[in-house]
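Below: the structure, in structure tokens.
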Amino acid sequence: MGPLESIRVLELASVLAGPLAATALAERGAKVTKVERPPAGDVTRSWKTAQEPTETPLSAYYESANGHKTVTWQDLTSPEGRAWLEAALASHDVLIENYKAADLAKFNLTPEDLARRHPHLIRVRLVGFAEAPERLAYDVVVQAETGFMSMNGFSDRPPVRMPVALMDVLASHQIRMACLEGLLARSAGRKGFFAEVSLEGSGLTALVNQATNQLITGMTPTRNGGEHPNIAPYGDVLTCADGHLVLAVGNDRQFEGLCTVLERSDLLDAPEFGTNQLRVQHRRVLVKALDESAQKWNKEALELALRAAGAPAGVVRNLQEVFEGSGSKWTTENPSGATRSRAVAYRVKYFN
């Protein structure tokens, strides 16, 4: 039960962005029907790691993006499948799809024609590239072409993809927003809502300060191992006795707390570290000194000490540590019994 419990969502999407968006709507109460074509269905059903059992019907990847949905198997290329689809379009409120541009006419899903036949429908379409909707685009391709890979990794090694399909995840949030915008517009009397979300646009929008750094200064970001270009020490990793800690020191007061905990008053008094911009300019020397002092600390103890001193930092945890520490707070169980991380990351309370 949830605020979207009266909404029916038809998911004609596969892989990650569309299914993840539909799952988020389902977790707010929407009734989601996911259409898969027999016999194989969503391609991610077969995307198994080397360690997963070969005999299980669902991969962990599929489970990550598909929860609390009704799956129906339909061959939409057949007359029976097309008849089923037309009836489903009439009975659902939201359509999420990522079909190839060339297939829209085949399935009677061209935007203008669909809006004419079903003006009540909120239709959200996912493409890879806004100016080339016919181009196939996987997440890693968009990571490469929107600049993310050029900034990820170290300067003495080739560019590196993010360890999750970040462009898909970003696009899934845009899809959710478009769906909610369409529902609001319909409640105000508007009809024939159509939104096109692109992986490319979702990635470019998420560049935020890196984009403005480039546009304003003309300086192109490079691979620097995660260092923040505007703040220091921020994104810099310290080596502790039992692991690693990342710093997020954003102002002079926090830098003072860091130096106090590490007993490095010499760094605090040094003129080359007196302001944030100076710390950015002299980052290498600063981080080397901080790292030397951190090595006698255990990572958890250092984080707690820095927290008490008002110096933000985080313990670098592997996923086993993450989920052991959080319990069930950020996980949920699919109807299949598989545990996955939640598709929504906020909580709601009604005080009146």
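Chains: A, B, ... in order of the structure tokens. Residues: from 1 per chain. Ligands: from 1, in order shown.
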Please report, as a Markdown table, each residue of range 136-174 of chain A lying at most 10 Å from range 203-223 of chain A, together with the nearest pair of atoms and the separation in Å rounded to one decimal; use only C-alpha atoms, and order rows by chain and ascending residue number.
| residue | atom | partner | partner_atom | distance |
| --- | --- | --- | --- | --- |
| A:Asp139 | CA | A:Gly203 | CA | 9.8 |
| A:Val142 | CA | A:Gly203 | CA | 7.4 |
| A:Gln143 | CA | A:Gly203 | CA | 7.3 |
| A:Glu145 | CA | A:Gly203 | CA | 9.2 |
| A:Thr146 | CA | A:Leu204 | CA | 5.9 |
| A:Gly147 | CA | A:Leu204 | CA | 8.2 |
| A:Phe148 | CA | A:Leu207 | CA | 8.0 |
| A:Met149 | CA | A:Arg223 | CA | 8.5 |
| A:Ser150 | CA | A:Arg223 | CA | 6.4 |
| A:Met151 | CA | A:Arg223 | CA | 4.4 |
| A:Asn152 | CA | A:Arg223 | CA | 5.4 |
| A:Gly153 | CA | A:Arg223 | CA | 5.3 |
| A:Phe154 | CA | A:Arg223 | CA | 4.8 |
| A:Ser155 | CA | A:Arg223 | CA | 4.9 |
| A:Asp156 | CA | A:Arg223 | CA | 8.5 |
| A:Arg157 | CA | A:Arg223 | CA | 8.7 |
| A:Pro158 | CA | A:Arg223 | CA | 9.1 |
| A:Pro159 | CA | A:Arg223 | CA | 7.6 |
| A:Val160 | CA | A:Arg223 | CA | 9.3 |
| A:Leu166 | CA | A:Gly203 | CA | 8.2 |
| A:Met167 | CA | A:Gly203 | CA | 5.6 |
| A:Asp168 | CA | A:Gly203 | CA | 8.8 |
| A:Val169 | CA | A:Gly203 | CA | 9.7 |
| A:Leu170 | CA | A:Gly203 | CA | 6.9 |
| A:Ala171 | CA | A:Gly203 | CA | 7.8 |
Output of the above residues as a PDB file, in the first residue's frame, restricted to N, CA and C atoms:
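Final output, again_35.pdb:
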ATOM      1  N   ASP A 139      25.203   1.106 -21.066  1.00  0.00           N
ATOM      2  CA  ASP A 139      25.665   2.039 -20.046  1.00  0.00           C
ATOM      3  C   ASP A 139      27.122   2.431 -20.228  1.00  0.00           C
ATOM      4  N   VAL A 142      27.717   5.060 -22.832  1.00  0.00           N
ATOM      5  CA  VAL A 142      27.309   6.406 -22.414  1.00  0.00           C
ATOM      6  C   VAL A 142      28.275   6.951 -21.362  1.00  0.00           C
ATOM      7  N   GLN A 143      28.772   6.093 -20.469  1.00  0.00           N
ATOM      8  CA  GLN A 143      29.810   6.539 -19.540  1.00  0.00           C
ATOM      9  C   GLN A 143      30.996   7.110 -20.304  1.00  0.00           C
ATOM     10  N   GLU A 145      30.999   8.337 -23.488  1.00  0.00           N
ATOM     11  CA  GLU A 145      30.718   9.471 -24.347  1.00  0.00           C
ATOM     12  C   GLU A 145      30.210  10.706 -23.593  1.00  0.00           C
ATOM     13  N   THR A 146      29.902  10.574 -22.311  1.00  0.00           N
ATOM     14  CA  THR A 146      29.516  11.747 -21.517  1.00  0.00           C
ATOM     15  C   THR A 146      30.642  12.228 -20.605  1.00  0.00           C
ATOM     16  N   GLY A 147      31.825  11.652 -20.733  1.00  0.00           N
ATOM     17  CA  GLY A 147      32.976  12.166 -20.000  1.00  0.00           C
ATOM     18  C   GLY A 147      33.302  11.454 -18.706  1.00  0.00           C
ATOM     19  N   PHE A 148      32.424  10.572 -18.228  1.00  0.00           N
ATOM     20  CA  PHE A 148      32.663   9.953 -16.926  1.00  0.00           C
ATOM     21  C   PHE A 148      33.914   9.087 -16.923  1.00  0.00           C
ATOM     22  N   MET A 149      34.083   8.260 -17.943  1.00  0.00           N
ATOM     23  CA  MET A 149      35.253   7.386 -17.959  1.00  0.00           C
ATOM     24  C   MET A 149      36.550   8.173 -18.065  1.00  0.00           C
ATOM     25  N   SER A 150      36.522   9.315 -18.749  1.00  0.00           N
ATOM     26  CA  SER A 150      37.739  10.116 -18.884  1.00  0.00           C
ATOM     27  C   SER A 150      38.223  10.646 -17.544  1.00  0.00           C
ATOM     28  N   MET A 151      37.309  10.718 -16.559  1.00  0.00           N
ATOM     29  CA  MET A 151      37.664  11.247 -15.241  1.00  0.00           C
ATOM     30  C   MET A 151      37.865  10.153 -14.209  1.00  0.00           C
ATOM     31  N   ASN A 152      37.565   8.909 -14.552  1.00  0.00           N
ATOM     32  CA  ASN A 152      37.538   7.837 -13.562  1.00  0.00           C
ATOM     33  C   ASN A 152      38.780   6.966 -13.679  1.00  0.00           C
ATOM     34  N   GLY A 153      39.501   6.834 -12.568  1.00  0.00           N
ATOM     35  CA  GLY A 153      40.720   6.041 -12.552  1.00  0.00           C
ATOM     36  C   GLY A 153      41.931   6.906 -12.267  1.00  0.00           C
ATOM     37  N   PHE A 154      43.084   6.467 -12.743  1.00  0.00           N
ATOM     38  CA  PHE A 154      44.340   7.155 -12.489  1.00  0.00           C
ATOM     39  C   PHE A 154      44.984   7.550 -13.814  1.00  0.00           C
ATOM     40  N   SER A 155      45.730   8.623 -13.778  1.00  0.00           N
ATOM     41  CA  SER A 155      46.279   9.200 -15.009  1.00  0.00           C
ATOM     42  C   SER A 155      47.268   8.282 -15.717  1.00  0.00           C
ATOM     43  N   ASP A 156      47.886   7.357 -14.993  1.00  0.00           N
ATOM     44  CA  ASP A 156      48.876   6.473 -15.615  1.00  0.00           C
ATOM     45  C   ASP A 156      48.275   5.152 -16.093  1.00  0.00           C
ATOM     46  N   ARG A 157      46.936   5.080 -16.093  1.00  0.00           N
ATOM     47  CA  ARG A 157      46.249   3.877 -16.544  1.00  0.00           C
ATOM     48  C   ARG A 157      45.087   4.246 -17.447  1.00  0.00           C
ATOM     49  N   PRO A 158      44.551   3.298 -18.222  1.00  0.00           N
ATOM     50  CA  PRO A 158      43.423   3.615 -19.110  1.00  0.00           C
ATOM     51  C   PRO A 158      42.186   4.022 -18.324  1.00  0.00           C
ATOM     52  N   PRO A 159      41.250   4.707 -18.975  1.00  0.00           N
ATOM     53  CA  PRO A 159      39.982   5.063 -18.316  1.00  0.00           C
ATOM     54  C   PRO A 159      39.252   3.821 -17.811  1.00  0.00           C
ATOM     55  N   VAL A 160      38.436   4.014 -16.774  1.00  0.00           N
ATOM     56  CA  VAL A 160      37.757   2.893 -16.113  1.00  0.00           C
ATOM     57  C   VAL A 160      36.258   3.179 -16.045  1.00  0.00           C
ATOM     58  N   LEU A 166      25.882   3.227 -13.863  1.00  0.00           N
ATOM     59  CA  LEU A 166      25.461   4.507 -13.290  1.00  0.00           C
ATOM     60  C   LEU A 166      24.541   5.290 -14.215  1.00  0.00           C
ATOM     61  N   MET A 167      24.771   5.250 -15.525  1.00  0.00           N
ATOM     62  CA  MET A 167      23.914   5.997 -16.440  1.00  0.00           C
ATOM     63  C   MET A 167      22.483   5.468 -16.388  1.00  0.00           C
ATOM     64  N   ASP A 168      22.340   4.152 -16.287  1.00  0.00           N
ATOM     65  CA  ASP A 168      21.011   3.560 -16.155  1.00  0.00           C
ATOM     66  C   ASP A 168      20.351   3.972 -14.845  1.00  0.00           C
ATOM     67  N   VAL A 169      21.113   3.969 -13.771  1.00  0.00           N
ATOM     68  CA  VAL A 169      20.555   4.347 -12.475  1.00  0.00           C
ATOM     69  C   VAL A 169      20.109   5.808 -12.498  1.00  0.00           C
ATOM     70  N   LEU A 170      20.935   6.682 -13.069  1.00  0.00           N
ATOM     71  CA  LEU A 170      20.563   8.081 -13.177  1.00  0.00           C
ATOM     72  C   LEU A 170      19.313   8.247 -14.037  1.00  0.00           C
ATOM     73  N   ALA A 171      19.260   7.525 -15.151  1.00  0.00           N
ATOM     74  CA  ALA A 171      18.094   7.617 -16.034  1.00  0.00           C
ATOM     75  C   ALA A 171      16.843   7.098 -15.350  1.00  0.00           C
TER      76      ALA A 171
END
Using only C-alpha atoms, what does the table of range 161-183 of chain A residues within 12 Å of range 27-51 of chain A look like, with each row giving the shortest atom pair and its distance in Å to one decimal, sorted by chain and ascending number, as a tab-separated table?
residue	atom	partner	partner_atom	distance
A:Arg176	CA	A:Arg28	CA	11.3
A:Cys179	CA	A:Ala30	CA	11.6
A:Leu180	CA	A:Arg28	CA	11.7
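Distance-wise, CA of Ser59 in chain A and CA of Val164 in chain A end up 15.8 Å apart.
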Could you find all residues in range 49-294 of chain A that DSSP calls strand (DSSP E) from the backbone, and write them as number ranges by chain?
A: 69-73, 94-97, 122-127, 194-198, 234-240, 243-248
Just-selected residues, C-alpha atoms written as a PDB file, in the first residue's frame:
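Okay, this is what ended up in result07.pdb:
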ATOM      1  CA  LYS A  69       5.656  -6.791 -10.323  1.00  0.00           C
ATOM      2  CA  THR A  70       3.323  -9.075 -12.202  1.00  0.00           C
ATOM      3  CA  VAL A  71       5.221 -10.612 -15.113  1.00  0.00           C
ATOM      4  CA  THR A  72       3.193 -11.526 -18.182  1.00  0.00           C
ATOM      5  CA  TRP A  73       4.670 -13.374 -21.153  1.00  0.00           C
ATOM      6  CA  VAL A  94       1.618   4.769 -17.170  1.00  0.00           C
ATOM      7  CA  LEU A  95       3.681   3.187 -19.928  1.00  0.00           C
ATOM      8  CA  ILE A  96       7.464   2.804 -19.575  1.00  0.00           C
ATOM      9  CA  GLU A  97       9.285   1.476 -22.649  1.00  0.00           C
ATOM     10  CA  ILE A 122       1.396   8.844 -19.346  1.00  0.00           C
ATOM     11  CA  ARG A 123       4.041   7.507 -21.696  1.00  0.00           C
ATOM     12  CA  VAL A 124       7.750   7.649 -20.789  1.00  0.00           C
ATOM     13  CA  ARG A 125      10.285   6.447 -23.326  1.00  0.00           C
ATOM     14  CA  LEU A 126      13.964   5.682 -22.711  1.00  0.00           C
ATOM     15  CA  VAL A 127      16.560   6.132 -25.452  1.00  0.00           C
ATOM     16  CA  PHE A 194       4.887  11.942 -23.607  1.00  0.00           C
ATOM     17  CA  ALA A 195       8.401  12.185 -22.167  1.00  0.00           C
ATOM     18  CA  GLU A 196      11.639  10.926 -23.666  1.00  0.00           C
ATOM     19  CA  VAL A 197      14.478  10.266 -21.237  1.00  0.00           C
ATOM     20  CA  SER A 198      17.962   9.653 -22.611  1.00  0.00           C
ATOM     21  CA  TYR A 234      38.222  15.749  -0.050  1.00  0.00           C
ATOM     22  CA  GLY A 235      38.101  12.364  -1.760  1.00  0.00           C
ATOM     23  CA  ASP A 236      41.613  11.682  -0.530  1.00  0.00           C
ATOM     24  CA  VAL A 237      42.092   8.246   1.025  1.00  0.00           C
ATOM     25  CA  LEU A 238      44.166   7.602   4.142  1.00  0.00           C
ATOM     26  CA  THR A 239      45.756   4.248   4.919  1.00  0.00           C
ATOM     27  CA  CYS A 240      44.943   3.066   8.433  1.00  0.00           C
ATOM     28  CA  GLY A 243      42.021  -0.512   6.071  1.00  0.00           C
ATOM     29  CA  HIS A 244      41.192   2.835   4.541  1.00  0.00           C
ATOM     30  CA  LEU A 245      39.375   6.046   5.362  1.00  0.00           C
ATOM     31  CA  VAL A 246      38.229   8.743   2.936  1.00  0.00           C
ATOM     32  CA  LEU A 247      38.243  12.400   3.910  1.00  0.00           C
ATOM     33  CA  ALA A 248      35.553  14.984   3.133  1.00  0.00           C
TER      34      ALA A 248
END
Can you work out which one of A:Ser14, A:Gln277, A:Ser91, A:Asn98 has the shortest atom-to-atom distance to His118 in chain A, counting only C-alpha atoms?
A:Ser91
All alpha helix (DSSP H) positions in range 201-250 of chain A, as a list in words:
Gly201, Ser202, Gly203, Leu204, Thr205, Val208, Asn209, Gln210, Ala211, Thr212, Asn213, Gln214, Leu215, Ile216 and Thr217 of chain A
Between A:Arg161, A:Lys296, A:Lys100, A:Arg279, which has the minimum distance to Phe129 in chain A (counting only C-alpha atoms)?
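Checking each candidate against Phe129 in chain A, we get A:Lys100 as the closest.
Among the candidates A:Ala13, A:Ala311, A:Ala301, A:Leu290, the one nearest to Gly257 in chain A when counting only C-alpha atoms is A:Ala311.
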With distances taken over only C-alpha atoms, which residue among A:Gly81, A:Gly128, A:Pro19, A:Pro163 lies nearest Ser64 in chain A?
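For Ser64 in chain A, the nearest of the given residues is A:Pro19.
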Closest atom pairs, range 238-308 of chain A residues within 7 Å of range 227-231 of chain A, only C-alpha atoms, as JSON lines:
{"residue": "A:Gly250", "atom": "CA", "partner": "A:Ile231", "partner_atom": "CA", "distance": 6.2}
{"residue": "A:Asn276", "atom": "CA", "partner": "A:Ile231", "partner_atom": "CA", "distance": 6.4}
{"residue": "A:Val280", "atom": "CA", "partner": "A:Ile231", "partner_atom": "CA", "distance": 6.1}
Would you mind exporting the chosen residues as a PDB file, in the first residue's frame, restricted to N, CA and C atoms?
ATOM      1  N   GLY A 250      35.740  20.074   4.061  1.00  0.00           N
ATOM      2  CA  GLY A 250      35.301  21.112   3.142  1.00  0.00           C
ATOM      3  C   GLY A 250      35.536  22.537   3.578  1.00  0.00           C
ATOM      4  N   ASN A 276      41.468  26.752   1.676  1.00  0.00           N
ATOM      5  CA  ASN A 276      41.104  25.590   0.868  1.00  0.00           C
ATOM      6  C   ASN A 276      41.823  25.604  -0.477  1.00  0.00           C
ATOM      7  N   VAL A 280      44.286  22.761  -2.037  1.00  0.00           N
ATOM      8  CA  VAL A 280      44.133  22.134  -3.345  1.00  0.00           C
ATOM      9  C   VAL A 280      45.447  22.203  -4.123  1.00  0.00           C
TER      10      VAL A 280
END
Go through A:Tyr350, A:Ala294, A:Leu304, A:Leu278 and flag the residue nearest Leu262 in chain A, using only C-alpha atoms for the distances.
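Closest to Leu262 in chain A, using only C-alpha atoms: A:Ala294.
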Counting only C-alpha atoms, figure out which residue out of A:Asn352, A:His68, A:Tyr62, A:Leu20 gets nearest to Pro335 in chain A.
A:His68
